[in-house]
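K.L.:
My structure is in protein_8.cif, and what it holds is mmCIF, N, CA and C atoms:
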```cif
data_entry
loop_
_atom_site.label_atom_id
_atom_site.label_comp_id
_atom_site.auth_asym_id
_atom_site.auth_seq_id
_atom_site.Cartn_x
_atom_site.Cartn_y
_atom_site.Cartn_z
N MET T 1 -15.61 -7.52 27.62
CA MET T 1 -14.57 -7.27 26.64
C MET T 1 -13.21 -7.28 27.32
N ASN T 2 -12.25 -7.92 26.70
CA ASN T 2 -10.88 -7.91 27.19
C ASN T 2 -10.29 -6.53 26.92
N ASP T 3 -9.66 -5.91 27.91
CA ASP T 3 -9.12 -4.57 27.75
C ASP T 3 -8.00 -4.50 26.72
N GLU T 4 -7.22 -5.57 26.57
CA GLU T 4 -6.09 -5.54 25.66
C GLU T 4 -6.26 -6.62 24.60
N PHE T 5 -6.25 -6.20 23.34
CA PHE T 5 -6.34 -7.15 22.23
C PHE T 5 -4.92 -7.54 21.84
N ARG T 6 -4.70 -8.83 21.57
CA ARG T 6 -3.37 -9.34 21.20
C ARG T 6 -3.43 -10.03 19.85
N LEU T 7 -2.43 -9.73 19.01
CA LEU T 7 -2.33 -10.36 17.70
C LEU T 7 -0.92 -10.90 17.52
N PRO T 8 -0.78 -12.21 17.31
CA PRO T 8 0.55 -12.76 17.04
C PRO T 8 0.93 -12.48 15.58
N VAL T 9 2.18 -12.09 15.34
CA VAL T 9 2.69 -11.90 13.99
C VAL T 9 4.07 -12.53 13.88
N ARG T 10 4.44 -12.90 12.69
CA ARG T 10 5.76 -13.43 12.40
C ARG T 10 6.45 -12.43 11.47
N VAL T 11 7.75 -12.24 11.67
CA VAL T 11 8.51 -11.33 10.81
C VAL T 11 8.95 -12.10 9.56
N TYR T 12 8.51 -11.63 8.40
CA TYR T 12 8.88 -12.22 7.13
C TYR T 12 9.93 -11.35 6.43
N MET T 13 10.56 -11.90 5.41
CA MET T 13 11.58 -11.20 4.65
C MET T 13 11.06 -9.83 4.17
N GLU T 14 9.82 -9.79 3.70
CA GLU T 14 9.25 -8.55 3.19
C GLU T 14 9.14 -7.45 4.26
N ASP T 15 9.21 -7.83 5.53
CA ASP T 15 9.11 -6.87 6.63
C ASP T 15 10.45 -6.24 6.99
N THR T 16 11.55 -6.78 6.43
CA THR T 16 12.88 -6.38 6.88
C THR T 16 13.63 -5.54 5.86
N ASP T 17 14.68 -4.91 6.35
CA ASP T 17 15.60 -4.20 5.46
C ASP T 17 16.70 -5.17 5.03
N ALA T 18 17.71 -4.67 4.36
CA ALA T 18 18.78 -5.53 3.84
C ALA T 18 19.54 -6.25 4.95
N GLY T 19 19.50 -5.75 6.17
CA GLY T 19 20.20 -6.37 7.28
C GLY T 19 19.37 -7.36 8.07
N GLY T 20 18.12 -7.62 7.62
CA GLY T 20 17.27 -8.57 8.32
C GLY T 20 16.56 -8.02 9.54
N ILE T 21 16.56 -6.68 9.66
CA ILE T 21 15.89 -6.01 10.78
C ILE T 21 14.58 -5.41 10.26
N VAL T 22 13.52 -5.48 11.08
CA VAL T 22 12.22 -4.94 10.66
C VAL T 22 12.38 -3.45 10.34
N TYR T 23 11.96 -3.09 9.13
CA TYR T 23 11.97 -1.71 8.67
C TYR T 23 10.96 -0.92 9.51
N TYR T 24 11.34 0.26 9.95
CA TYR T 24 10.57 0.99 10.97
C TYR T 24 9.09 1.15 10.64
N VAL T 25 8.74 1.42 9.40
CA VAL T 25 7.33 1.66 9.07
C VAL T 25 6.49 0.39 9.20
N ASN T 26 7.13 -0.78 9.15
CA ASN T 26 6.37 -2.02 9.24
C ASN T 26 5.80 -2.26 10.64
N TYR T 27 6.40 -1.66 11.66
CA TYR T 27 5.80 -1.74 13.00
C TYR T 27 4.41 -1.08 12.97
N LEU T 28 4.29 0.03 12.21
CA LEU T 28 3.01 0.71 12.09
C LEU T 28 2.00 -0.18 11.36
N LYS T 29 2.48 -0.92 10.37
CA LYS T 29 1.59 -1.86 9.67
C LYS T 29 1.12 -2.97 10.61
N PHE T 30 2.02 -3.47 11.44
CA PHE T 30 1.63 -4.49 12.42
C PHE T 30 0.55 -3.93 13.34
N MET T 31 0.71 -2.68 13.77
CA MET T 31 -0.27 -2.05 14.66
C MET T 31 -1.61 -1.85 13.96
N GLU T 32 -1.57 -1.46 12.69
CA GLU T 32 -2.80 -1.31 11.91
C GLU T 32 -3.54 -2.65 11.82
N ARG T 33 -2.80 -3.72 11.58
CA ARG T 33 -3.41 -5.05 11.52
C ARG T 33 -4.07 -5.41 12.84
N ALA T 34 -3.40 -5.08 13.94
CA ALA T 34 -3.97 -5.39 15.26
C ALA T 34 -5.29 -4.64 15.47
N ARG T 35 -5.33 -3.36 15.08
CA ARG T 35 -6.59 -2.61 15.23
C ARG T 35 -7.67 -3.17 14.32
N SER T 36 -7.29 -3.58 13.10
CA SER T 36 -8.28 -4.17 12.18
C SER T 36 -8.80 -5.49 12.71
N GLU T 37 -7.94 -6.31 13.28
CA GLU T 37 -8.37 -7.58 13.86
C GLU T 37 -9.18 -7.37 15.13
N TRP T 38 -8.88 -6.30 15.87
CA TRP T 38 -9.70 -5.93 17.03
C TRP T 38 -11.14 -5.66 16.57
N LEU T 39 -11.27 -4.93 15.44
CA LEU T 39 -12.60 -4.67 14.89
C LEU T 39 -13.30 -5.98 14.55
N ARG T 40 -12.58 -6.90 13.90
CA ARG T 40 -13.15 -8.19 13.54
C ARG T 40 -13.60 -8.95 14.79
N ASP T 41 -12.81 -8.81 15.85
CA ASP T 41 -13.15 -9.46 17.11
C ASP T 41 -14.47 -8.91 17.67
N LEU T 42 -14.78 -7.67 17.31
CA LEU T 42 -16.06 -7.06 17.72
C LEU T 42 -17.19 -7.42 16.76
N GLY T 43 -16.85 -8.18 15.69
CA GLY T 43 -17.86 -8.56 14.70
C GLY T 43 -18.00 -7.53 13.59
N LEU T 44 -17.01 -6.66 13.42
CA LEU T 44 -17.05 -5.60 12.40
C LEU T 44 -15.85 -5.74 11.48
N ASP T 45 -15.88 -5.02 10.38
CA ASP T 45 -14.70 -4.91 9.53
C ASP T 45 -14.75 -3.56 8.83
N GLN T 46 -13.60 -3.16 8.28
CA GLN T 46 -13.48 -1.84 7.66
C GLN T 46 -14.47 -1.67 6.50
N GLN T 47 -14.64 -2.70 5.67
CA GLN T 47 -15.53 -2.58 4.51
C GLN T 47 -16.98 -2.37 4.93
N THR T 48 -17.42 -3.09 5.96
CA THR T 48 -18.79 -2.91 6.45
C THR T 48 -18.99 -1.49 6.95
N LEU T 49 -18.00 -0.98 7.70
CA LEU T 49 -18.10 0.40 8.18
C LEU T 49 -18.18 1.38 7.01
N LEU T 50 -17.33 1.18 5.99
CA LEU T 50 -17.37 2.06 4.81
C LEU T 50 -18.73 1.98 4.12
N ASP T 51 -19.26 0.77 3.99
CA ASP T 51 -20.58 0.60 3.37
C ASP T 51 -21.66 1.33 4.15
N GLU T 52 -21.46 1.47 5.45
CA GLU T 52 -22.42 2.18 6.31
C GLU T 52 -22.11 3.67 6.40
N GLY T 53 -21.08 4.14 5.66
CA GLY T 53 -20.77 5.57 5.63
C GLY T 53 -19.80 6.02 6.72
N THR T 54 -19.08 5.09 7.32
CA THR T 54 -18.14 5.43 8.40
C THR T 54 -16.73 5.07 7.97
N GLN T 55 -15.83 6.01 8.14
CA GLN T 55 -14.42 5.75 7.85
C GLN T 55 -13.59 6.07 9.09
N LEU T 56 -12.69 5.16 9.45
CA LEU T 56 -11.79 5.37 10.58
C LEU T 56 -10.42 5.72 10.03
N VAL T 57 -9.83 6.80 10.53
CA VAL T 57 -8.52 7.25 10.05
C VAL T 57 -7.61 7.56 11.23
N VAL T 58 -6.31 7.41 11.00
CA VAL T 58 -5.34 7.81 12.02
C VAL T 58 -5.30 9.33 12.03
N TYR T 59 -5.57 9.91 13.17
CA TYR T 59 -5.59 11.36 13.35
C TYR T 59 -4.23 11.85 13.87
N ARG T 60 -3.65 11.08 14.78
CA ARG T 60 -2.37 11.46 15.38
C ARG T 60 -1.69 10.20 15.89
N MET T 61 -0.34 10.22 15.83
CA MET T 61 0.40 9.06 16.32
C MET T 61 1.74 9.52 16.88
N ALA T 62 2.12 8.94 18.01
CA ALA T 62 3.46 9.13 18.58
C ALA T 62 4.04 7.75 18.79
N CYS T 63 5.25 7.52 18.27
CA CYS T 63 5.83 6.19 18.27
C CYS T 63 7.24 6.22 18.85
N HIS T 64 7.57 5.16 19.60
CA HIS T 64 8.91 5.02 20.16
C HIS T 64 9.45 3.64 19.78
N TYR T 65 10.61 3.66 19.15
CA TYR T 65 11.27 2.42 18.75
C TYR T 65 12.35 2.12 19.78
N ALA T 66 12.21 1.01 20.49
CA ALA T 66 13.13 0.68 21.58
C ALA T 66 14.21 -0.31 21.16
N LYS T 67 13.82 -1.38 20.50
CA LYS T 67 14.77 -2.44 20.10
C LYS T 67 14.31 -3.03 18.78
N PRO T 68 15.22 -3.57 17.99
CA PRO T 68 14.83 -4.11 16.69
C PRO T 68 14.26 -5.53 16.77
N ALA T 69 13.35 -5.82 15.86
CA ALA T 69 12.89 -7.18 15.63
C ALA T 69 13.62 -7.68 14.39
N ARG T 70 13.78 -9.00 14.31
CA ARG T 70 14.55 -9.59 13.22
C ARG T 70 13.76 -10.65 12.47
N LEU T 71 14.26 -10.98 11.31
CA LEU T 71 13.66 -11.98 10.44
C LEU T 71 13.31 -13.26 11.21
N ASP T 72 12.12 -13.78 10.95
CA ASP T 72 11.59 -15.04 11.49
C ASP T 72 11.17 -14.99 12.96
N GLU T 73 11.30 -13.87 13.62
CA GLU T 73 10.89 -13.80 15.03
C GLU T 73 9.36 -13.79 15.16
N ALA T 74 8.88 -14.37 16.24
CA ALA T 74 7.47 -14.33 16.58
C ALA T 74 7.25 -13.15 17.51
N LEU T 75 6.31 -12.29 17.16
CA LEU T 75 6.01 -11.08 17.94
C LEU T 75 4.55 -11.09 18.36
N THR T 76 4.25 -10.26 19.34
CA THR T 76 2.87 -10.01 19.74
C THR T 76 2.61 -8.52 19.65
N VAL T 77 1.53 -8.17 18.98
CA VAL T 77 1.13 -6.77 18.84
C VAL T 77 -0.14 -6.58 19.66
N THR T 78 -0.15 -5.56 20.51
CA THR T 78 -1.31 -5.31 21.36
C THR T 78 -1.99 -4.01 20.98
N ALA T 79 -3.25 -3.92 21.32
CA ALA T 79 -4.04 -2.70 21.13
C ALA T 79 -4.97 -2.57 22.33
N LYS T 80 -4.87 -1.44 22.99
CA LYS T 80 -5.71 -1.19 24.17
C LYS T 80 -6.27 0.22 24.08
N ILE T 81 -7.58 0.34 24.20
CA ILE T 81 -8.22 1.65 24.18
C ILE T 81 -7.98 2.33 25.52
N THR T 82 -7.49 3.58 25.47
CA THR T 82 -7.27 4.32 26.71
C THR T 82 -8.20 5.52 26.85
N GLN T 83 -8.73 6.00 25.73
CA GLN T 83 -9.70 7.10 25.77
C GLN T 83 -10.67 6.95 24.63
N GLN T 84 -11.92 7.31 24.89
CA GLN T 84 -12.91 7.34 23.83
C GLN T 84 -13.77 8.57 23.99
N GLY T 85 -13.76 9.39 22.96
CA GLY T 85 -14.60 10.58 22.93
C GLY T 85 -15.74 10.36 21.95
N ARG T 86 -16.44 11.42 21.62
CA ARG T 86 -17.57 11.32 20.70
C ARG T 86 -17.15 10.92 19.29
N CYS T 87 -15.98 11.45 18.84
CA CYS T 87 -15.52 11.20 17.47
C CYS T 87 -14.10 10.63 17.39
N ARG T 88 -13.44 10.48 18.53
CA ARG T 88 -12.06 9.99 18.53
C ARG T 88 -11.87 8.91 19.57
N MET T 89 -10.89 8.04 19.29
CA MET T 89 -10.55 6.96 20.20
C MET T 89 -9.02 6.86 20.23
N THR T 90 -8.45 6.70 21.43
CA THR T 90 -7.00 6.60 21.57
C THR T 90 -6.63 5.19 21.98
N PHE T 91 -5.66 4.63 21.27
CA PHE T 91 -5.12 3.31 21.55
C PHE T 91 -3.69 3.43 22.04
N GLU T 92 -3.33 2.60 23.00
CA GLU T 92 -1.93 2.37 23.34
C GLU T 92 -1.59 1.04 22.70
N GLN T 93 -0.53 1.03 21.91
CA GLN T 93 -0.15 -0.19 21.23
C GLN T 93 1.32 -0.52 21.48
N GLN T 94 1.60 -1.82 21.50
CA GLN T 94 2.96 -2.29 21.71
C GLN T 94 3.26 -3.45 20.78
N VAL T 95 4.53 -3.56 20.43
CA VAL T 95 5.04 -4.73 19.73
C VAL T 95 6.09 -5.33 20.65
N ARG T 96 5.89 -6.61 20.98
CA ARG T 96 6.79 -7.29 21.93
C ARG T 96 7.32 -8.59 21.33
N ARG T 97 8.51 -8.93 21.76
CA ARG T 97 9.09 -10.25 21.52
C ARG T 97 9.12 -10.89 22.90
N ASP T 98 8.26 -11.88 23.11
CA ASP T 98 8.04 -12.42 24.45
C ASP T 98 7.64 -11.25 25.36
N GLU T 99 8.39 -10.97 26.42
CA GLU T 99 8.07 -9.86 27.31
C GLU T 99 8.86 -8.59 27.00
N GLU T 100 9.72 -8.65 25.99
CA GLU T 100 10.61 -7.53 25.67
C GLU T 100 9.91 -6.52 24.75
N LEU T 101 9.80 -5.28 25.20
CA LEU T 101 9.17 -4.23 24.42
C LEU T 101 10.09 -3.78 23.30
N LEU T 102 9.58 -3.84 22.08
CA LEU T 102 10.35 -3.43 20.91
C LEU T 102 9.91 -2.07 20.39
N CYS T 103 8.61 -1.83 20.41
CA CYS T 103 8.06 -0.59 19.86
C CYS T 103 6.74 -0.29 20.58
N SER T 104 6.49 0.98 20.85
CA SER T 104 5.22 1.37 21.46
C SER T 104 4.71 2.63 20.76
N ALA T 105 3.40 2.80 20.77
CA ALA T 105 2.80 3.97 20.12
C ALA T 105 1.49 4.34 20.79
N THR T 106 1.20 5.61 20.74
CA THR T 106 -0.12 6.12 21.09
C THR T 106 -0.75 6.52 19.76
N VAL T 107 -1.90 5.94 19.45
CA VAL T 107 -2.54 6.15 18.17
C VAL T 107 -3.94 6.69 18.41
N GLU T 108 -4.21 7.85 17.85
CA GLU T 108 -5.53 8.46 17.97
C GLU T 108 -6.27 8.27 16.65
N ILE T 109 -7.43 7.63 16.72
CA ILE T 109 -8.25 7.33 15.56
C ILE T 109 -9.46 8.26 15.55
N ALA T 110 -9.75 8.83 14.38
CA ALA T 110 -10.92 9.68 14.23
C ALA T 110 -11.99 8.94 13.43
N CYS T 111 -13.23 9.17 13.78
CA CYS T 111 -14.38 8.61 13.08
C CYS T 111 -14.93 9.69 12.15
N LEU T 112 -14.98 9.37 10.85
CA LEU T 112 -15.42 10.35 9.86
C LEU T 112 -16.62 9.85 9.07
N ASN T 113 -17.39 10.80 8.55
CA ASN T 113 -18.40 10.50 7.57
C ASN T 113 -17.64 10.18 6.28
N ALA T 114 -17.81 8.99 5.72
CA ALA T 114 -17.03 8.56 4.56
C ALA T 114 -17.26 9.43 3.33
N ALA T 115 -18.42 10.03 3.19
CA ALA T 115 -18.72 10.87 2.02
C ALA T 115 -18.14 12.27 2.15
N THR T 116 -18.25 12.86 3.35
CA THR T 116 -17.83 14.25 3.53
C THR T 116 -16.46 14.39 4.17
N LEU T 117 -15.98 13.30 4.76
CA LEU T 117 -14.72 13.29 5.52
C LEU T 117 -14.73 14.28 6.69
N ARG T 118 -15.91 14.52 7.23
CA ARG T 118 -16.09 15.36 8.41
C ARG T 118 -16.27 14.46 9.63
N PRO T 119 -15.87 14.93 10.82
CA PRO T 119 -16.04 14.11 12.03
C PRO T 119 -17.50 13.71 12.24
N LYS T 120 -17.69 12.51 12.73
CA LYS T 120 -19.02 12.04 13.09
C LYS T 120 -18.90 11.19 14.35
N ALA T 121 -20.00 11.04 15.05
CA ALA T 121 -20.01 10.24 16.26
C ALA T 121 -19.80 8.77 15.92
N TRP T 122 -19.20 8.06 16.87
CA TRP T 122 -19.00 6.62 16.68
C TRP T 122 -20.34 5.94 16.46
N PRO T 123 -20.40 4.99 15.54
CA PRO T 123 -21.62 4.20 15.44
C PRO T 123 -21.80 3.39 16.73
N SER T 124 -23.00 3.06 17.05
CA SER T 124 -23.26 2.33 18.30
C SER T 124 -22.47 1.02 18.37
N SER T 125 -22.18 0.42 17.22
CA SER T 125 -21.41 -0.82 17.20
C SER T 125 -19.98 -0.63 17.67
N LEU T 126 -19.50 0.61 17.71
CA LEU T 126 -18.13 0.90 18.16
C LEU T 126 -18.08 1.57 19.52
N ASN T 127 -19.18 1.71 20.19
CA ASN T 127 -19.16 2.24 21.54
C ASN T 127 -18.78 1.11 22.48
N THR T 128 -17.47 0.99 22.71
CA THR T 128 -16.92 -0.16 23.43
C THR T 128 -16.26 0.25 24.73
N THR T 129 -16.80 1.21 25.41
CA THR T 129 -16.12 1.77 26.57
C THR T 129 -16.12 0.82 27.75
N PRO T 130 -15.03 0.07 27.96
CA PRO T 130 -14.94 -0.74 29.18
C PRO T 130 -14.65 0.15 30.37
N SER T 131 -14.74 -0.38 31.55
CA SER T 131 -14.61 0.42 32.77
C SER T 131 -13.24 1.07 32.92
N SER T 132 -12.18 0.51 32.31
CA SER T 132 -10.84 1.08 32.46
C SER T 132 -10.56 2.22 31.51
N ILE T 133 -11.48 2.54 30.61
CA ILE T 133 -11.25 3.61 29.65
C ILE T 133 -11.80 4.91 30.19
N THR T 134 -11.03 5.97 30.04
CA THR T 134 -11.52 7.28 30.43
C THR T 134 -12.11 7.94 29.19
N THR T 135 -13.24 8.58 29.36
CA THR T 135 -13.85 9.25 28.22
C THR T 135 -13.48 10.71 28.22
N SER T 136 -13.50 11.31 27.04
CA SER T 136 -13.20 12.72 26.91
C SER T 136 -14.18 13.34 25.94
N ILE T 137 -14.26 14.65 25.97
CA ILE T 137 -15.13 15.37 25.05
C ILE T 137 -14.28 15.83 23.88
N ASP T 138 -14.69 15.50 22.65
CA ASP T 138 -13.95 15.93 21.45
C ASP T 138 -14.37 17.32 21.05
#
```
Could the structure of this file be written out as structure tokens, please?

P.N.:
Amino acid sequence: MNDEFRLPVRVYMEDTDAGGIVYYVNYLKFMERARSEWLRDLGLDQQTLLDEGTQLVVYRMACHYAKPARLDEALTVTAKITQQGRCRMTFEQQVRRDEELLCSATVEIACLNAATLRPKAWPSSLNTTPSSITTSID
């Protein structure tokens, strides 16, 4: 498994404010798309997980906005797992324009039972601990 997943995105008019700059919350949407595409890269998708009784939710997030992205720019959104516990997984994510960092976030995802919304262990299909990930006890 590649430690860092990369997703190319283009900034469209709908992503920007009146000044043609990406509206801050849309960086979070770009990051969500990258995590969803990471799942697809593993051969999974959100609907299949829900059908199996598993729901993934953002538990905690810390975000830093460094520089603005603008209309029509090509960006790269990354997702890299840095910790995986029994019920939680932490991603480091970045949005870049070429090599220039625009936005970064630490995103903690919780695995829940879709019916009860209580924590549950990751399904075996999501146990993706590469050697560079540190594990923790939840």

K.L.:
State, in Å with one decimal place, the distance from CA of Ser36 (chain T) to CA of Ser104 (chain T).

P.N.:
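A separation of 17.3 Å between them.
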
K.L.:
To test your reading of the syntax: which residues would the PyMOL selection byres ((chain T and resi 107) around 6) return for the file shown? Reply as a list of chain:residue names.

P.N.:
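What the PyMOL selection byres ((chain T and resi 107) around 6) grabs from the file is T:Arg60, T:Met61, T:Ala62, T:Met89, T:Thr90, T:Phe91, T:Glu92, T:Gln93, T:Ala105, T:Thr106, T:Glu108, T:Ile109.
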
K.L.:
Based on the backbone DSSP call, show me all residues of chain T assigned alpha helix (DSSP H), as a VMD selection string.

P.N.:
chain T and resid 24 to 41 46 to 51

K.L.:
Counting all atoms listed in the file, give me one row per residue of region 45-136 of chain T with an atom at most 5 Å from an atom of region 1-14 of chain T, showing the shortest contact pair and its distance in Å to one decimal, sorted by chain then residue number, as a tab-separated table.

P.N.:
```
residue	atom	partner	partner_atom	distance
T:Leu71	CA	T:Val11	C	4.8
T:Asp72	N	T:Val11	C	3.8
T:Glu73	C	T:Val11	N	4.1
T:Ala74	CA	T:Arg10	CA	4.6
T:Leu75	C	T:Val9	N	4.0
T:Thr76	CA	T:Leu7	C	4.5
T:Val77	N	T:Leu7	C	3.9
T:Thr78	CA	T:Phe5	C	4.3
T:Ala79	C	T:Phe5	N	4.0
T:Lys80	CA	T:Glu4	CA	4.6
```

K.L.:
What does the distance from CA of Gln46 (chain T) to CA of Asp15 (chain T) come to in Å, to one decimal?

P.N.:
23.2 Å

K.L.:
Please evaluate the PyMOL selection byres (((chain T and resi 39 and name CA) around 12) and name CA) against the structure above and give the resulting residues as a ChimeraX atom specification.

P.N.:
/T:5,32-38,40-49,56,79,125-128

K.L.:
Starting from the PyMOL selection byres (((chain T and resi 115-117 and name CA) around 12) and name CA), expand the selection into actual residues of this file and give them as a list in words.

P.N.:
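With the PyMOL selection byres (((chain T and resi 115-117 and name CA) around 12) and name CA) on this model, the match is Leu50, Asp51, Glu52, Gly53, Thr54, Gln55, Leu56, Val57, Ala110, Cys111, Leu112, Asn113, Ala114, Arg118, Pro119 and Lys120 of chain T.
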
K.L.:
To one decimal in Å, tell me the separation between atom N of Met31 (chain T) and atom C of Gln94 (chain T).

P.N.:
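So the answer is 7.5 Å.
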
K.L.:
Which residues are near Leu101 (chain T)? Cut-off 8 Å, all atoms listed in the file, ignore same chain within fewer than 2 positions. Put them as a list in words.

P.N.:
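The residues satisfying every condition are Tyr65, Ala66, Lys67, Pro68, Gln94, Val95, Arg96, Arg97, Asp98, Glu99, Cys103 and Ser104 of chain T.
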
K.L.:
With 6 Å of padding per side, what axis-aligned box (centre and edge lengths, Å, one decimal) covers all the listed atoms of region 96-115 of chain T? Give it as AutoDock Vina command-line options.

P.N.:
```
--center_x -4.1 --center_y -0.1 --center_z 14.7 --size_x 41.3 --size_y 36.7 --size_z 37.3
```
